[in-house]
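Below is one structure; the comments refer to it alone.
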Amino acid sequence: MLKNMHSNRTVQLTLGFLMGVCFGFLLQKGGVTHYEVIMGQLTLKDWTVVKVMLSAVLTGMIGIYLLRIPGLVRLHKKSGSFGSTVIGGLIFGVGFALLGYCPGTVAGAVGQGALDALLGGVAGMLLGTGIYSILYDRLEKRILHLGEFGKITLPELLNAKPWPVILRVSTVIAVFLLVLEVAGG
Amino acid sequence: MPTCFQFVKQMVMNRPALYLFLTLLCLVVPAIVENSWAVDVDVSTVQAADVSIFEMKRWSPYAAGFGIGVLSWLVFLLSDNTLGASGAYAKTAGMIERFFKGRQVEERAYYRENPPEIGWGWMLLAGVVIGSFLSAWISGDFRSVMVPELWEQRIGSSAFLRWLTAFSGGILLGIGSRWADGCTSGHGISGTLQLVVSSWVAAICFFIGGVLTALIIF
């Protein structure tokens, strides 16, 4: 039944939209569609963004790995490399701080009326991704595959079973969030 | 009359995304123009006790994060996909370029691998705009602002300077998100929750770049 659902285009486009509505709703309620909240995080004064992200990761990780046991879901791993992930990530970071939103939250910010997000952010992102489509050929040949680390997960890297890794990552996240609360971040 | 109805139905069936986008515009544009309503909905502070969770301006970040985590289960289960926002911008950019330059744009290697068309991720991003709008509208948090308060305090009230910075930031964000093959949601949430190595590296780099830049400009 799930397989049929996955291959039905109309169902998927509708689901994508509905899930997007939920995602946007949650981002806005979490406060992360506000410029002040994002910049608060990047200047390390307000840790809301990290709190939202880490609690999503904690919840998502446990659920996804549980759903994987009976084979209800499969992982969608992305490969990475120094040339792609690190360099691209740092460029992303600079843009993140200049704009004050990220690609998901800038759409959320548009929804709550932020004109800098619409006229500056979204317009810039469209131009930026367009520029990237032109650069892609050359980057692919010279930079993107430098220092590949492959399409692997942390348990695969450590040559361990998933659950002990999940337990340790969960503990680190929980302790980190607890420390943040105690420190009043 | 029936033919007219049929015509509308056919148009909507053929191009659902286009009409969705138009509906979105019809919702957001009048709201921006009529921004004064943000003030009169602000009764939430007065009757804090009677306010439903939907009318609250903010939830605990943990509640929002938990919700996003649960949403990611549904995304994997029902759509065999991941929550990710940035790919949709590249598709839109491709569609816009194709509109002006024609089909030859699709010959570009990037678009051959990532065809510029409406897909699941594009609908997700359209949904994010609507979802955030609904949340902000219900809670009275909707405000059309060009220069954010914090920016005004620190840098000044020039709308042009804010636009220029946001636009430059947007360009770098567009390039960087495609370069790293994901953004704060695709790598930062969906990838890290699967414990994917490249996603943890990406998320850390996003924040290193972001924090260093933010500390320089503020």
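Starting from 1 in every chain, residues are counted up; chains themselves are A, B, ... following the order of the structure tokens, and ligands are numbered from 1 as listed.
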
**Study point:** All strand (DSSP E or B) positions in chain A, as a PyMOL selection string
**Key:** chain A and resi 81+114+148+153

Point to revise | Selection near Ile217 (chain B), 9 Å with only C-alpha atoms, sequence-local residues under 2 positions removed, as a ChimeraX atom specification | key: /A:97-98 /B:212-215

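For the residues B:Arg143, B:Arg98, B:Lys91, B:Lys57, ranking by smallest atom-to-atom distance to Gly121 (chain B) using only C-alpha atoms places B:Lys91 first.
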
Check your understanding: Which distance in Å separates CA of Ser86 (chain B) and CA of Pro148 (chain B), to one decimal?
Key ->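 We find that CA of Ser86 (chain B) and CA of Pro148 (chain B) lie 23.1 Å from each other.
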
Which residues are near region 171-188 of chain B? Cut-off 7 Å, only C-alpha atoms, ignore same chain within fewer than 6 positions. Put them as an mmCIF file with N, CA and C atoms, in the first residue's frame.
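After the write, result.cif holds the following:
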```cif
data_model
loop_
_atom_site.group_PDB
_atom_site.id
_atom_site.type_symbol
_atom_site.label_atom_id
_atom_site.label_comp_id
_atom_site.auth_asym_id
_atom_site.auth_seq_id
_atom_site.Cartn_x
_atom_site.Cartn_y
_atom_site.Cartn_z
ATOM 1 N N SER A 84 32.820 19.557 -1.531
ATOM 2 C CA SER A 84 31.408 19.904 -1.640
ATOM 3 C C SER A 84 30.843 20.352 -0.291
ATOM 4 N N THR A 85 30.888 19.460 0.683
ATOM 5 C CA THR A 85 30.209 19.718 1.952
ATOM 6 C C THR A 85 30.852 20.853 2.750
ATOM 7 N N GLY A 88 31.082 24.284 0.396
ATOM 8 C CA GLY A 88 29.698 24.713 0.197
ATOM 9 C C GLY A 88 29.050 25.128 1.504
ATOM 10 N N GLY A 89 29.323 24.355 2.552
ATOM 11 C CA GLY A 89 28.746 24.650 3.867
ATOM 12 C C GLY A 89 29.188 26.003 4.404
ATOM 13 N N ILE A 91 30.277 28.603 2.563
ATOM 14 C CA ILE A 91 29.643 29.650 1.732
ATOM 15 C C ILE A 91 28.204 29.846 2.203
ATOM 16 N N PHE A 92 27.521 28.736 2.437
ATOM 17 C CA PHE A 92 26.150 28.773 2.955
ATOM 18 C C PHE A 92 26.098 29.582 4.249
ATOM 19 N N GLY A 95 26.227 33.319 3.747
ATOM 20 C CA GLY A 95 24.924 33.780 3.250
ATOM 21 C C GLY A 95 23.860 33.767 4.336
ATOM 22 N N PHE A 96 23.888 32.728 5.139
ATOM 23 C CA PHE A 96 22.968 32.539 6.263
ATOM 24 C C PHE A 96 23.003 33.773 7.185
ATOM 25 N N CYS A 102 17.474 30.959 6.653
ATOM 26 C CA CYS A 102 18.006 29.894 5.812
ATOM 27 C C CYS A 102 16.936 29.533 4.771
ATOM 28 N N PRO A 103 17.227 28.621 3.845
ATOM 29 C CA PRO A 103 16.256 28.403 2.748
ATOM 30 C C PRO A 103 14.832 28.038 3.184
ATOM 31 N N GLY A 104 14.682 27.265 4.261
ATOM 32 C CA GLY A 104 13.344 26.919 4.727
ATOM 33 C C GLY A 104 12.710 28.078 5.478
ATOM 34 N N GLY A 124 17.414 36.584 -4.191
ATOM 35 C CA GLY A 124 18.838 36.256 -4.198
ATOM 36 C C GLY A 124 19.069 34.761 -4.344
ATOM 37 N N MET A 125 18.252 33.973 -3.647
ATOM 38 C CA MET A 125 18.429 32.517 -3.733
ATOM 39 C C MET A 125 18.143 31.994 -5.135
ATOM 40 N N LEU A 126 17.149 32.587 -5.793
ATOM 41 C CA LEU A 126 16.848 32.150 -7.162
ATOM 42 C C LEU A 126 18.033 32.473 -8.076
ATOM 43 N N LEU A 127 18.596 33.681 -7.892
ATOM 44 C CA LEU A 127 19.760 34.054 -8.706
ATOM 45 C C LEU A 127 20.947 33.148 -8.360
ATOM 46 N N GLY A 128 21.151 32.919 -7.066
ATOM 47 C CA GLY A 128 22.280 32.096 -6.611
ATOM 48 C C GLY A 128 22.210 30.670 -7.130
ATOM 49 N N THR A 129 21.028 30.052 -7.046
ATOM 50 C CA THR A 129 20.927 28.672 -7.529
ATOM 51 C C THR A 129 21.070 28.648 -9.056
ATOM 52 N N TYR A 132 24.690 28.804 -9.728
ATOM 53 C CA TYR A 132 25.291 27.504 -9.437
ATOM 54 C C TYR A 132 25.094 26.518 -10.590
ATOM 55 N N THR B 82 12.660 13.255 2.184
ATOM 56 C CA THR B 82 13.172 13.943 3.373
ATOM 57 C C THR B 82 12.748 15.406 3.347
ATOM 58 N N LEU B 83 12.627 16.005 4.538
ATOM 59 C CA LEU B 83 12.321 17.432 4.636
ATOM 60 C C LEU B 83 13.543 18.206 4.150
ATOM 61 N N GLY B 84 13.390 18.940 3.073
ATOM 62 C CA GLY B 84 14.502 19.736 2.572
ATOM 63 C C GLY B 84 13.946 20.877 1.749
ATOM 64 N N ALA B 85 14.553 22.053 1.891
ATOM 65 C CA ALA B 85 13.951 23.223 1.263
ATOM 66 C C ALA B 85 14.699 23.721 0.034
ATOM 67 N N SER B 86 16.029 23.583 0.013
ATOM 68 C CA SER B 86 16.800 24.367 -0.960
ATOM 69 C C SER B 86 16.664 23.895 -2.409
ATOM 70 N N SER B 199 26.072 15.047 6.479
ATOM 71 C CA SER B 199 25.111 16.020 7.003
ATOM 72 C C SER B 199 25.591 16.651 8.307
ATOM 73 N N ALA B 202 28.189 19.083 7.259
ATOM 74 C CA ALA B 202 27.551 20.256 6.648
ATOM 75 C C ALA B 202 26.951 21.167 7.714
ATOM 76 N N ALA B 203 26.191 20.574 8.647
ATOM 77 C CA ALA B 203 25.519 21.381 9.673
ATOM 78 C C ALA B 203 26.547 22.167 10.487
#
```

Point to revise | Neighbour list for region 79-82 of chain A as a list in words, cut-off 8 Å, only C-alpha atoms, skip fewer than 2 positions in-chain | key: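 What passes the distance filter is Lys77, Ser84, Thr85, Val86, Ile87, Leu144, His145, Leu146, Gly147, Glu148, Phe149, Gly150, Lys151 and Ile152 of chain A; Ala180, Val197, Ser198 and Ser199 of chain B.
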
Only C-alpha atoms, please: the residues just picked out, written as a short mmCIF file (atom, residue, chain, number, x, y, z; two decimals), in the first residue's frame.
```cif
data_model
loop_
_atom_site.label_atom_id
_atom_site.label_comp_id
_atom_site.auth_asym_id
_atom_site.auth_seq_id
_atom_site.Cartn_x
_atom_site.Cartn_y
_atom_site.Cartn_z
CA LYS A 77 21.82 9.13 2.62
CA SER A 84 31.41 19.90 -1.64
CA THR A 85 30.21 19.72 1.95
CA VAL A 86 32.84 21.83 3.73
CA ILE A 87 33.39 24.55 1.13
CA LEU A 144 33.12 18.72 -5.65
CA HIS A 145 34.86 15.34 -5.40
CA LEU A 146 37.95 16.48 -3.49
CA GLY A 147 38.36 14.45 -0.30
CA GLU A 148 35.21 12.33 -0.53
CA PHE A 149 33.84 10.79 2.64
CA GLY A 150 31.23 8.69 0.92
CA LYS A 151 27.56 7.92 1.39
CA ILE A 152 27.81 6.64 4.94
CA ALA B 180 26.89 21.44 -0.22
CA VAL B 197 28.25 11.75 8.18
CA SER B 198 28.18 14.39 5.40
CA SER B 199 25.11 16.02 7.00
#
```

Check your understanding: What are the DSSP helix (DSSP H, G or I) residues of region 33-185 of chain A, as number ranges by chain?
Key -> A: 35-42, 48-68, 82-99, 103-111, 115-142, 154-158, 162-183

Residues as selected, C-alpha atoms, written as a tab-separated table (two decimals), in the first residue's frame, can you do that?
```
chain	number	residue	atom	x	y	z
A	35	TYR	CA	15.29	37.54	11.79
A	36	GLU	CA	16.04	38.40	15.43
A	37	VAL	CA	15.91	34.77	16.52
A	38	ILE	CA	18.23	33.54	13.76
A	39	MET	CA	20.74	36.35	14.31
A	40	GLY	CA	20.46	35.73	18.06
A	41	GLN	CA	21.61	32.19	17.38
A	42	LEU	CA	24.43	33.17	15.05
A	48	THR	CA	16.28	28.81	20.05
A	49	VAL	CA	17.41	27.60	16.60
A	50	VAL	CA	19.70	24.94	18.05
A	51	LYS	CA	16.99	23.87	20.52
A	52	VAL	CA	14.43	23.42	17.74
A	53	MET	CA	16.91	21.59	15.52
A	54	LEU	CA	18.29	19.25	18.16
A	55	SER	CA	14.88	18.30	19.54
A	56	ALA	CA	13.73	17.59	15.96
A	57	VAL	CA	16.84	15.47	15.38
A	58	LEU	CA	16.38	13.58	18.64
A	59	THR	CA	12.70	12.83	17.94
A	60	GLY	CA	13.25	12.11	14.26
A	61	MET	CA	16.28	9.88	14.78
A	62	ILE	CA	14.60	7.54	17.25
A	63	GLY	CA	11.42	7.33	15.18
A	64	ILE	CA	13.12	6.76	11.84
A	65	TYR	CA	15.41	4.04	13.17
A	66	LEU	CA	12.40	2.37	14.87
A	67	LEU	CA	10.35	2.50	11.64
A	68	ARG	CA	13.33	1.01	9.84
A	82	PHE	CA	35.57	18.19	1.64
A	83	GLY	CA	35.19	20.05	-1.66
A	84	SER	CA	31.41	19.90	-1.64
A	85	THR	CA	30.21	19.72	1.95
A	86	VAL	CA	32.84	21.83	3.73
A	87	ILE	CA	33.39	24.55	1.13
A	88	GLY	CA	29.70	24.71	0.20
A	89	GLY	CA	28.75	24.65	3.87
A	90	LEU	CA	30.98	27.61	4.69
A	91	ILE	CA	29.64	29.65	1.73
A	92	PHE	CA	26.15	28.77	2.96
A	93	GLY	CA	27.09	29.98	6.44
A	94	VAL	CA	28.20	33.40	5.18
A	95	GLY	CA	24.92	33.78	3.25
A	96	PHE	CA	22.97	32.54	6.26
A	97	ALA	CA	24.36	35.35	8.45
A	98	LEU	CA	24.03	38.11	5.81
A	99	LEU	CA	20.43	37.20	5.03
A	103	PRO	CA	16.26	28.40	2.75
A	104	GLY	CA	13.34	26.92	4.73
A	105	THR	CA	12.90	29.75	7.22
A	106	VAL	CA	13.15	32.42	4.50
A	107	ALA	CA	9.99	30.89	2.96
A	108	GLY	CA	8.42	30.94	6.42
A	109	ALA	CA	9.49	34.55	6.88
A	110	VAL	CA	7.80	35.45	3.58
A	111	GLY	CA	4.61	33.86	4.92
A	115	LEU	CA	9.63	41.79	2.83
A	116	ASP	CA	13.43	41.55	3.15
A	117	ALA	CA	12.96	37.76	2.99
A	118	LEU	CA	10.83	37.98	-0.16
A	119	LEU	CA	12.52	40.76	-2.14
A	120	GLY	CA	16.06	40.12	-0.90
A	121	GLY	CA	16.29	36.52	0.27
A	122	VAL	CA	14.11	34.60	-2.14
A	123	ALA	CA	15.17	36.71	-5.13
A	124	GLY	CA	18.84	36.26	-4.20
A	125	MET	CA	18.43	32.52	-3.73
A	126	LEU	CA	16.85	32.15	-7.16
A	127	LEU	CA	19.76	34.05	-8.71
A	128	GLY	CA	22.28	32.10	-6.61
A	129	THR	CA	20.93	28.67	-7.53
A	130	GLY	CA	20.80	29.81	-11.18
A	131	ILE	CA	24.47	30.87	-10.99
A	132	TYR	CA	25.29	27.50	-9.44
A	133	SER	CA	23.65	25.65	-12.33
A	134	ILE	CA	26.13	27.41	-14.64
A	135	LEU	CA	29.15	26.80	-12.37
A	136	TYR	CA	28.17	23.16	-11.75
A	137	ASP	CA	30.04	21.67	-14.72
A	138	ARG	CA	33.40	23.13	-13.69
A	139	LEU	CA	32.90	22.55	-9.95
A	140	GLU	CA	31.95	18.93	-10.61
A	141	LYS	CA	35.21	18.35	-12.50
A	142	ARG	CA	37.56	20.20	-10.17
A	154	LEU	CA	27.94	7.43	11.66
A	155	PRO	CA	27.35	3.77	12.67
A	156	GLU	CA	28.81	2.63	9.34
A	157	LEU	CA	31.82	4.90	9.80
A	158	LEU	CA	32.43	3.55	13.29
A	162	PRO	CA	23.02	1.67	14.98
A	163	TRP	CA	21.38	1.53	18.41
A	164	PRO	CA	24.47	2.03	20.60
A	165	VAL	CA	25.37	5.05	18.43
A	166	ILE	CA	21.79	6.39	18.65
A	167	LEU	CA	21.89	6.01	22.43
A	168	ARG	CA	25.16	7.94	22.68
A	169	VAL	CA	24.09	10.69	20.26
A	170	SER	CA	20.77	11.04	22.14
A	171	THR	CA	22.61	11.34	25.43
A	172	VAL	CA	24.96	14.00	24.07
A	173	ILE	CA	22.01	15.98	22.64
A	174	ALA	CA	20.01	15.67	25.89
A	175	VAL	CA	22.96	16.74	28.05
A	176	PHE	CA	23.74	19.64	25.71
A	177	LEU	CA	20.13	20.88	25.84
A	178	LEU	CA	20.11	20.51	29.62
A	179	VAL	CA	23.32	22.53	29.94
A	180	LEU	CA	21.80	25.22	27.69
A	181	GLU	CA	18.73	25.43	29.97
A	182	VAL	CA	20.84	25.62	33.11
A	183	ALA	CA	23.09	28.25	31.56
```
